[in-house]
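Undergrad: The structure file structure-v2.txt (compact mmCIF, C-alpha atoms) is provided below.
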```txt
# COMPACT_ATOMS: atom_id res chain seq x y z
CA MET S 704 25.21 50.33 29.79
CA LEU S 705 23.88 49.82 26.26
CA ALA S 706 26.37 47.02 25.64
CA ASP S 707 25.33 45.27 28.86
CA ALA S 708 21.65 45.47 27.92
CA ALA S 709 22.40 44.22 24.41
CA GLY S 710 24.34 41.32 25.90
CA TRP S 711 21.16 40.15 27.63
CA ILE S 712 18.67 41.05 24.90
CA ALA S 713 20.60 39.27 22.13
CA PRO S 714 20.55 35.68 23.47
CA VAL S 715 17.02 35.96 24.90
CA ALA S 716 15.61 37.34 21.64
CA THR S 717 17.42 34.68 19.62
CA MET S 718 16.03 31.83 21.77
CA VAL S 719 12.47 33.20 21.78
CA ALA S 720 12.54 33.79 18.01
CA ALA S 721 13.85 30.28 17.37
CA MET S 722 10.92 28.79 19.32
CA MET S 723 8.39 31.00 17.52
CA THR S 724 9.58 30.06 14.04
CA ALA S 725 10.14 26.37 14.82
CA ALA S 726 6.58 26.03 16.16
CA ASN S 727 5.16 26.73 12.67
CA LEU S 728 1.95 28.23 14.08
CA GLY S 729 1.05 30.25 11.01
CA ALA S 730 2.27 33.23 9.03
CA ARG S 731 1.72 35.81 11.79
CA ILE S 732 3.60 33.93 14.53
CA THR S 733 6.41 33.03 12.14
CA GLY S 734 6.58 36.63 10.92
CA TRP S 735 6.78 38.02 14.44
CA GLY S 736 9.43 35.41 15.12
CA PHE S 737 11.54 37.06 12.44
CA VAL S 738 10.86 40.45 14.04
CA VAL S 739 12.27 39.11 17.30
CA PHE S 740 15.16 37.57 15.37
CA ALA S 741 15.88 41.01 13.91
CA VAL S 742 15.92 42.53 17.42
CA GLY S 743 18.36 39.83 18.43
CA SER S 744 20.67 40.37 15.45
CA VAL S 745 20.74 44.13 16.06
CA ALA S 746 21.58 43.48 19.72
CA TRP S 747 24.35 41.06 18.69
CA SER S 748 25.68 43.78 16.36
CA VAL S 749 25.86 46.19 19.33
CA VAL S 750 27.76 43.53 21.28
CA GLY S 751 30.13 43.11 18.34
CA ILE S 752 30.78 46.85 18.11
CA SER S 753 31.32 47.30 21.85
CA SER S 754 33.63 44.31 22.14
CA GLY S 755 35.54 44.89 18.92
CA GLN S 756 34.45 41.56 17.41
CA THR S 757 34.33 42.39 13.72
CA ASN S 758 33.28 38.89 12.73
CA LEU S 759 30.27 38.99 15.10
CA LEU S 760 29.28 42.41 13.74
CA ALA S 761 29.58 41.36 10.09
CA THR S 762 27.63 38.15 10.66
CA ASN S 763 24.72 39.90 12.34
CA ILE S 764 24.54 42.71 9.79
CA PHE S 765 23.94 39.97 7.22
CA LEU S 766 21.47 38.16 9.51
CA THR S 767 19.55 41.41 10.03
CA PHE S 768 19.07 41.61 6.27
CA VAL S 769 17.92 37.96 6.20
CA ASN S 770 15.47 38.64 9.03
CA LEU S 771 14.01 41.62 7.17
CA VAL S 772 13.39 39.34 4.20
CA GLY S 773 11.68 36.89 6.56
CA ILE S 774 9.47 39.68 7.93
CA TRP S 775 8.43 40.67 4.42
CA ARG S 776 7.87 37.02 3.46
CA TRP S 777 5.72 36.01 6.44
CA LEU S 778 4.10 39.23 7.71
CA GLY S 779 3.65 40.58 4.21
CA ARG S 780 3.04 38.16 1.35
CA GLN S 781 2.19 34.92 3.20
CA ARG S 782 -0.08 36.68 5.69
CA VAL S 783 -2.13 38.10 2.81
CA TYR S 784 -2.54 34.59 1.38
CA GLU S 785 -3.63 33.13 4.73
CA ASP S 786 -6.02 36.00 5.45
CA GLY S 787 -7.71 35.50 2.08
CA ALA S 788 -8.06 31.76 2.61
CA GLU S 789 -9.43 32.17 6.13
CA ALA S 790 -11.94 34.78 4.94
CA ALA S 791 -13.18 32.43 2.21
CA ALA S 792 -13.54 29.61 4.75
CA ARG S 793 -15.57 31.83 7.09
CA ARG S 794 -17.84 33.05 4.31
CA SER S 795 -18.46 29.49 3.09
CA SER S 796 -19.56 28.41 6.57
CA ARG S 797 -22.19 31.20 6.62
CA ALA S 798 -23.33 30.86 3.01
CA GLY S 799 -25.08 27.52 3.45
CA GLY S 800 -23.13 25.94 0.59
CA PRO S 801 -20.16 23.59 0.65
CA SER S 802 -17.69 24.33 3.44
CA LEU S 803 -14.26 25.39 2.24
CA PHE S 804 -10.88 25.19 3.91
CA PRO S 805 -7.42 26.01 2.53
CA ALA S 806 -5.60 22.95 1.19
CA THR S 807 -2.32 24.16 2.69
CA GLY S 808 -4.00 24.44 6.07
CA ILE S 809 -5.07 20.81 6.36
CA ALA S 810 -1.76 19.83 7.94
CA GLY S 811 -2.21 20.23 11.68
CA MET S 812 -6.02 20.27 11.60
CA PRO S 813 -7.48 18.50 14.64
CA VAL S 814 -9.35 15.26 13.97
CA SER S 815 -12.11 13.94 16.25
CA ASP S 816 -14.42 10.94 16.05
CA ASP S 817 -18.20 10.86 15.69
CA ARG S 818 -18.57 11.30 19.45
CA GLY S 819 -16.33 14.34 19.64
CA GLU S 820 -13.39 12.46 21.15
CA ALA S 821 -9.99 13.71 19.99
CA VAL S 822 -8.26 11.25 17.67
CA GLY S 823 -5.21 13.08 16.36
CA ARG S 824 -4.35 15.55 13.66
CA ALA S 825 -4.27 15.59 9.87
CA VAL S 826 -0.77 15.64 8.42
CA GLU S 827 -1.40 15.45 4.67
CA ALA S 828 -4.10 15.13 2.03
CA MET S 829 -3.65 13.27 -1.28
CA ILE S 830 -5.44 14.95 -4.18
CA GLU S 831 -6.49 13.38 -7.48
CA CYS S 832 -4.91 15.35 -10.31
CA ALA S 833 -7.69 14.74 -12.85
CA SER S 834 -10.64 15.70 -10.65
CA GLY S 835 -8.94 17.92 -8.08
CA ARG S 836 -10.77 16.04 -5.33
CA VAL S 837 -9.18 14.85 -2.12
CA ASN S 838 -8.80 11.06 -2.27
CA TYR S 839 -7.72 10.47 1.30
CA VAL S 840 -6.33 12.21 4.36
CA VAL S 841 -3.46 10.90 6.47
CA VAL S 842 -4.15 11.19 10.20
CA ALA S 843 -1.45 10.98 12.87
CA SER S 844 -2.31 9.68 16.33
CA GLY S 845 -0.48 8.63 19.48
CA GLY S 846 3.10 9.36 20.43
CA ILE S 847 4.64 12.52 21.82
CA ALA S 848 6.00 15.29 19.55
CA GLY S 849 5.92 12.89 16.60
CA VAL S 850 7.81 10.10 18.37
CA GLU S 851 6.03 6.70 18.19
CA GLU S 852 3.07 8.26 16.38
CA GLN S 853 1.11 6.15 13.91
CA LEU S 854 -0.24 7.26 10.54
CA ARG S 855 -3.48 5.96 9.05
CA SER S 856 -5.26 6.81 5.82
CA VAL S 857 -8.92 7.82 5.83
CA ALA S 858 -11.01 8.22 2.67
CA ILE S 859 -12.45 11.69 2.32
CA ALA S 860 -15.93 10.08 2.18
CA HIS S 861 -15.36 8.93 5.78
CA LEU S 862 -14.70 12.47 6.99
CA ASP S 863 -16.91 15.45 7.71
CA CYS S 864 -14.86 18.52 6.85
CA HIS S 865 -15.17 21.83 8.68
CA SER S 866 -13.01 24.93 8.57
CA ASP S 867 -11.89 24.32 12.15
CA GLY S 868 -11.29 20.58 12.00
CA LEU S 869 -12.15 17.16 10.59
CA ILE S 870 -14.67 14.73 12.06
CA LEU S 871 -14.37 10.99 11.48
CA LEU S 872 -17.65 9.30 10.60
CA GLU S 873 -16.68 6.42 12.88
CA SER S 874 -15.54 5.82 16.43
CA ARG S 875 -11.98 6.18 17.63
CA ALA S 876 -11.89 2.42 18.24
CA ALA S 877 -12.82 1.77 14.62
CA PHE S 878 -10.16 4.23 13.47
CA GLU S 879 -7.49 2.50 15.57
CA ARG S 880 -8.38 -0.85 13.98
CA ARG S 881 -7.18 0.51 10.65
CA ALA S 882 -3.74 -0.79 9.71
CA PRO S 883 -1.03 1.87 10.25
CA LEU S 884 0.78 3.08 7.15
CA GLU S 885 4.31 1.90 6.56
CA GLN S 886 6.97 4.57 6.20
CA GLY S 887 7.44 5.47 2.54
CA ARG S 888 4.64 3.12 1.43
CA TRP S 889 1.49 5.20 1.44
CA PRO S 890 -1.28 3.76 -0.77
CA ALA S 891 -1.84 4.92 -4.33
CA THR S 892 -5.53 5.20 -3.49
CA VAL S 893 -7.26 4.74 -0.17
CA ALA S 894 -9.81 2.45 -1.78
CA LEU S 895 -7.03 -0.06 -2.51
CA SER S 896 -5.68 0.33 1.00
CA GLN S 897 -9.04 -0.24 2.64
CA LYS S 898 -9.81 -3.22 0.38
CA MET S 899 -6.53 -4.77 1.42
CA GLN S 900 -7.41 -4.17 5.07
CA SER S 901 -10.85 -5.71 4.52
CA ASP S 902 -9.33 -8.74 2.77
CA ASN S 903 -6.87 -9.19 5.62
CA GLY S 904 -9.74 -8.98 8.10
CA HIS S 905 -11.74 -11.61 6.21
CA ARG S 906 -8.73 -13.93 6.11
CA HIS S 907 -8.18 -13.41 9.83
CA ASP S 908 -11.86 -14.18 10.60
CA ALA S 909 -11.76 -17.27 8.39
CA GLY S 910 -8.67 -18.48 10.19
CA ARG S 911 -10.33 -18.03 13.57
CA GLN S 912 -13.41 -19.92 12.32
CA ARG S 913 -11.23 -22.85 11.19
CA GLU S 914 -9.53 -22.92 14.59
CA THR S 915 -12.93 -23.00 16.30
CA ASP S 916 -14.17 -25.81 14.02
CA ASN S 917 -11.04 -27.86 14.70
CA ALA S 918 -11.37 -27.33 18.44
CA THR S 919 -15.01 -28.56 18.47
CA ALA S 920 -14.34 -31.51 16.15
```
What do you get writing this file as structure tokens?

TA:
Amino acid sequence: MLADAAGWIAPVATMVAAMMTAANLGARITGWGFVVFAVGSVAWSVVGISSGQTNLLATNIFLTFVNLVGIWRWLGRQRVYEDGAEAAARRSSRAGGPSLFPATGIAGMPVSDDRGEAVGRAVEAMIECASGRVNYVVVASGGIAGVEEQLRSVAIAHLDCHSDGLILLESRAAFERRAPLEQGRWPATVALSQKMQSDNGHRHDAGRQRETDNATA
């Protein structure tokens, strides 16, 4: 009876835990994912004992130890870090001073435009070493599950930062007119990137003006 129950619990727990940890939804969800993983590895160990599969038993004894380390790592140490950062962000929003948010938490933050329309999500922030200030944020938009998505850089001066998300100080249409970033060729500074975009826009407008002049001549 126990072996039969373990035979069902083991694969279900393993699949659920894999989804919880792969989703990367924060320290608590990841930590509880390892708890479910540990349940699964114990169940697999029961299956190994009842079926006489020594290799299955030995593997899952080791995996149980790994899962306990994961529980300590994510429900213990990392959770304390995240709780402290979230508490500081909440206090800053009530203090009337500058709003704070954890630098590690910027990835995945929702981004909306100045009208509240969803634009995408932040994937990374580039920080100036000398000043410690954020130079620009990379925002992903479009696509499904990362496929066919486009990345664009936005200067921190063009963003209103809140602990629960980022707001573009422009419309979604203006954001989508920004040139997408090329893979592996992010700008050294966003100022350079935006100047290049502006120069390209001026050249394009000048070209259109020449075409109009030629057509009317």

Undergrad: Let me make sure I understand: among S:Thr717, S:Ser802, S:Ser754, S:Ser874, which one has the smallest atom-to-atom distance to Val739 of chain S if we use all atoms listed in the file?

TA: S:Thr717

Undergrad: I'd like the interatomic distance between atom CA of Ala720 of chain S and atom CA of Arg776 of chain S, to a tenth of an Å.

TA: 15.6 Å

Undergrad: Considering all atoms listed in the file, can you say which of S:Leu854, S:Ala860, S:Ala716, S:Ala741 comes closest to Thr767 of chain S?

TA: S:Ala741

Undergrad: Please provide the set of residues having any atom within 8 Å of Leu884 of chain S, restricted to all atoms listed in the file, with same-chain residues fewer than 5 positions apart removed, written as an mmCIF file with C-alpha atoms, in the frame of the given file.

TA:
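Output saved as result-v4.cif:
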```
data_model
loop_
_atom_site.group_PDB
_atom_site.id
_atom_site.type_symbol
_atom_site.label_atom_id
_atom_site.label_comp_id
_atom_site.auth_asym_id
_atom_site.auth_seq_id
_atom_site.Cartn_x
_atom_site.Cartn_y
_atom_site.Cartn_z
ATOM 1 C CA GLN S 853 1.110 6.150 13.910
ATOM 2 C CA LEU S 854 -0.240 7.260 10.540
ATOM 3 C CA ARG S 855 -3.480 5.960 9.050
ATOM 4 C CA SER S 856 -5.260 6.810 5.820
ATOM 5 C CA TRP S 889 1.490 5.200 1.440
#
```

Undergrad: Residues within 7 Å of segment 749-751 of chain S, please, as JSON, numbers by chain. Count all atoms listed in the file; anything in the same chain fewer than 4 positions from it doesn't count.

TA: {"S": [706, 709, 710, 745, 755, 756, 757, 759, 760]}

Undergrad: Suppose you want the space between atom CA of Ala825 of chain S and atom CA of Ala877 of chain S; what is it in Å?

TA: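 Computing it gives 16.9 Å between the two atoms.
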
Undergrad: Work out how far apart atom CA of Phe768 of chain S and atom CA of Ala788 of chain S are and give it in Å to one decimal.

TA: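 About the pair atom CA of Phe768 of chain S and atom CA of Ala788 of chain S: they are 29.1 Å apart.
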
Undergrad: What's around Asn770 of chain S at 8 Å? Count only C-alpha atoms, leave out sequence neighbours fewer than 6 positions away in its own chain, and write the answer as a list in words.

TA: Phe737, Val738, Phe740 and Ala741 of chain S

Undergrad: Using all atoms listed in the file, pick whichever of S:Ala821, S:Ala730, S:Leu803, S:Val814 has the shortest atom-to-atom distance to Gly773 of chain S.

TA: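 Using all atoms listed in the file, Gly773 of chain S sits closest to S:Ala730.
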
Undergrad: Write out as a list in words the residues lying within 12 Å of Gln781 of chain S, counting all atoms listed in the file and excluding same-chain residues fewer than 2 positions away.

TA: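 Residues meeting the cut-off are Gly729, Ala730, Arg731, Ile732, Thr733, Gly734, Gly773, Ile774, Trp775, Arg776, Trp777, Leu778, Gly779, Val783, Tyr784, Glu785, Asp786, Gly787, Ala788 and Thr807 of chain S.
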
Undergrad: Using all atoms listed in the file, which of the listed residues (S:Ile830, S:Val841, S:Val822, S:Ile809) sits closest to Cys864 of chain S?

TA: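 The shortest atom-to-atom distance to Cys864 of chain S comes from S:Ile809.
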
Undergrad: Give the answer as one residue: which of S:Leu872, S:Val850, S:Met704, S:Val893 has the shortest atom-to-atom distance to Arg818 of chain S, using all atoms listed in the file?

TA: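 Nearest candidate to Arg818 of chain S out of S:Leu872, S:Val850, S:Met704, S:Val893: S:Leu872.
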
Undergrad: Per residue of segment 853-890 of chain S within 12 Å of segment 792-798 of chain S, what are the shortest atom pair and its distance in Å to one decimal, counting only C-alpha atoms, with rows by chain and residue number, as CSV?

TA:
```
residue,atom,partner,partner_atom,distance
S:Cys864,CA,S:Ser796,CA,11.0
S:His865,CA,S:Ser796,CA,8.2
S:Ser866,CA,S:Ala792,CA,6.1
S:Asp867,CA,S:Ala792,CA,9.2
S:Gly868,CA,S:Ala792,CA,11.8
```

Undergrad: Which residue, S:Val772, S:Ala746, S:Ala810, S:Ala790, has the smallest gap to Leu728 of chain S when you use all atoms listed in the file?

TA: S:Ala810
